[in-house]
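*Asks:* Take a look at the following structure, please.
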Amino acid sequence: MQLECNQTIICGKIAKLGILRYTPAGIAVIEFTVKHVSRQKEAGVARQIILDILAVALGQLALTVAGFKLDSTVKLIGFLNRKSHMNQQLVLHTDHIELI
């Protein structure tokens, strides 16, 4: 049985912006890193959360992201996948991004 529940929502600041490139099919692609800082409760105890998450945007969304500036605060919605068949690093494939 294949499960379809894979959605991630995270807010943070753009820490790195890659170079806008195009796939062989002509689809725009950009990789970027978002730094997230928050306080979350776990087992009733508040803890400081600091992480960087690698994200990728394709198509029109990639063009939008390419116009953002470093340190822009954004909200990302997307799904997680490994970077490639050979690289198990998780990447957030962005379906929606908004400046906040």
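Letters A, B, ... mark the chains of the structure tokens in the order given; residue numbers begin at 1 per chain; ligand numbers begin at 1, in order shown.
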DSSP says strand (DSSP E) for which residues of stretch 23-85 of chain A? Put them as a PyMOL selection string?
*Replies:* chain A and resi 28-42+45-58+73-82
*Asks:* Write out the residues from the selection above, keeping C-alpha atoms, as a PDB file, in the first residue's frame.
*Replies:*
```pdb
ATOM      1  CA  ALA A  28      13.301  26.669 -14.691  1.00  0.00           C
ATOM      2  CA  VAL A  29      14.878  25.262 -11.481  1.00  0.00           C
ATOM      3  CA  ILE A  30      16.438  26.928  -8.457  1.00  0.00           C
ATOM      4  CA  GLU A  31      17.782  25.462  -5.220  1.00  0.00           C
ATOM      5  CA  PHE A  32      17.804  27.562  -2.064  1.00  0.00           C
ATOM      6  CA  THR A  33      18.297  27.148   1.664  1.00  0.00           C
ATOM      7  CA  VAL A  34      15.905  28.391   4.336  1.00  0.00           C
ATOM      8  CA  LYS A  35      17.017  28.917   7.943  1.00  0.00           C
ATOM      9  CA  HIS A  36      14.260  28.138  10.442  1.00  0.00           C
ATOM     10  CA  VAL A  37      14.365  29.279  14.095  1.00  0.00           C
ATOM     11  CA  SER A  38      11.516  28.610  16.534  1.00  0.00           C
ATOM     12  CA  ARG A  39      10.534  27.278  19.937  1.00  0.00           C
ATOM     13  CA  GLN A  40       8.574  24.012  19.933  1.00  0.00           C
ATOM     14  CA  LYS A  41       7.114  21.920  22.727  1.00  0.00           C
ATOM     15  CA  GLU A  42       8.208  18.320  22.953  1.00  0.00           C
ATOM     16  CA  VAL A  45       9.125  20.955  27.418  1.00  0.00           C
ATOM     17  CA  ALA A  46       9.901  23.980  25.221  1.00  0.00           C
ATOM     18  CA  ARG A  47      13.022  23.633  23.131  1.00  0.00           C
ATOM     19  CA  GLN A  48      14.878  25.895  20.739  1.00  0.00           C
ATOM     20  CA  ILE A  49      14.797  24.695  17.119  1.00  0.00           C
ATOM     21  CA  ILE A  50      17.398  25.905  14.626  1.00  0.00           C
ATOM     22  CA  LEU A  51      17.801  24.224  11.254  1.00  0.00           C
ATOM     23  CA  ASP A  52      18.631  24.812   7.626  1.00  0.00           C
ATOM     24  CA  ILE A  53      16.512  23.076   5.011  1.00  0.00           C
ATOM     25  CA  LEU A  54      17.442  22.691   1.380  1.00  0.00           C
ATOM     26  CA  ALA A  55      14.555  23.523  -0.938  1.00  0.00           C
ATOM     27  CA  VAL A  56      13.956  23.460  -4.686  1.00  0.00           C
ATOM     28  CA  ALA A  57      11.410  25.254  -6.833  1.00  0.00           C
ATOM     29  CA  LEU A  58      10.528  24.550 -10.459  1.00  0.00           C
ATOM     30  CA  THR A  73      11.196  35.759   5.374  1.00  0.00           C
ATOM     31  CA  VAL A  74       9.125  33.122   3.605  1.00  0.00           C
ATOM     32  CA  LYS A  75       6.520  30.440   4.216  1.00  0.00           C
ATOM     33  CA  LEU A  76       7.068  27.269   2.203  1.00  0.00           C
ATOM     34  CA  ILE A  77       4.598  24.470   1.506  1.00  0.00           C
ATOM     35  CA  GLY A  78       5.746  21.367  -0.305  1.00  0.00           C
ATOM     36  CA  PHE A  79       6.789  17.739  -0.046  1.00  0.00           C
ATOM     37  CA  LEU A  80      10.003  16.003   1.005  1.00  0.00           C
ATOM     38  CA  ASN A  81      12.104  13.796  -1.227  1.00  0.00           C
ATOM     39  CA  ARG A  82      15.727  12.703  -1.333  1.00  0.00           C
TER      40      ARG A  82
END
```
*Asks:* List every residue of chain A that DSSP, applied to the backbone of this structure, places in helix (DSSP H, G or I), and write the result as a ChimeraX atom specification.
*Replies:* /A:60-66
*Asks:* Could you tell me how far atom CA of A:His96 lies from atom CA of A:Met1, in Å and to one decimal?
*Replies:*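 Taking atom CA of A:His96 as the start and atom CA of A:Met1 as the end point, the length is 27.6 Å.
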*Asks:* Within 10 Å of A:Ile27, counting only C-alpha atoms, which residues show up once you throw out same-chain ones fewer than 2 positions away? Write them as a short mmCIF file (atom, residue, chain, number, x, y, z; two decimals) with C-alpha atoms, in the first residue's frame, please.
*Replies:*
```cif
data_model
loop_
_atom_site.label_atom_id
_atom_site.label_comp_id
_atom_site.auth_asym_id
_atom_site.auth_seq_id
_atom_site.Cartn_x
_atom_site.Cartn_y
_atom_site.Cartn_z
CA ARG A 21 19.04 27.10 -14.30
CA TYR A 22 16.93 25.19 -16.78
CA THR A 23 16.35 21.46 -17.27
CA PRO A 24 16.94 19.93 -20.72
CA ALA A 25 13.14 20.24 -21.17
CA VAL A 29 14.88 25.26 -11.48
CA LEU A 58 10.53 24.55 -10.46
CA GLY A 59 8.72 26.37 -13.24
CA GLN A 60 7.14 29.75 -12.57
CA ALA A 62 11.57 29.09 -9.58
#
```
*Asks:* Would you compute the distance between atom CA of A:Leu70 and atom CA of A:Lys16? Give it in Å to one decimal.
*Replies:*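 These atoms are spaced 6.6 Å apart.
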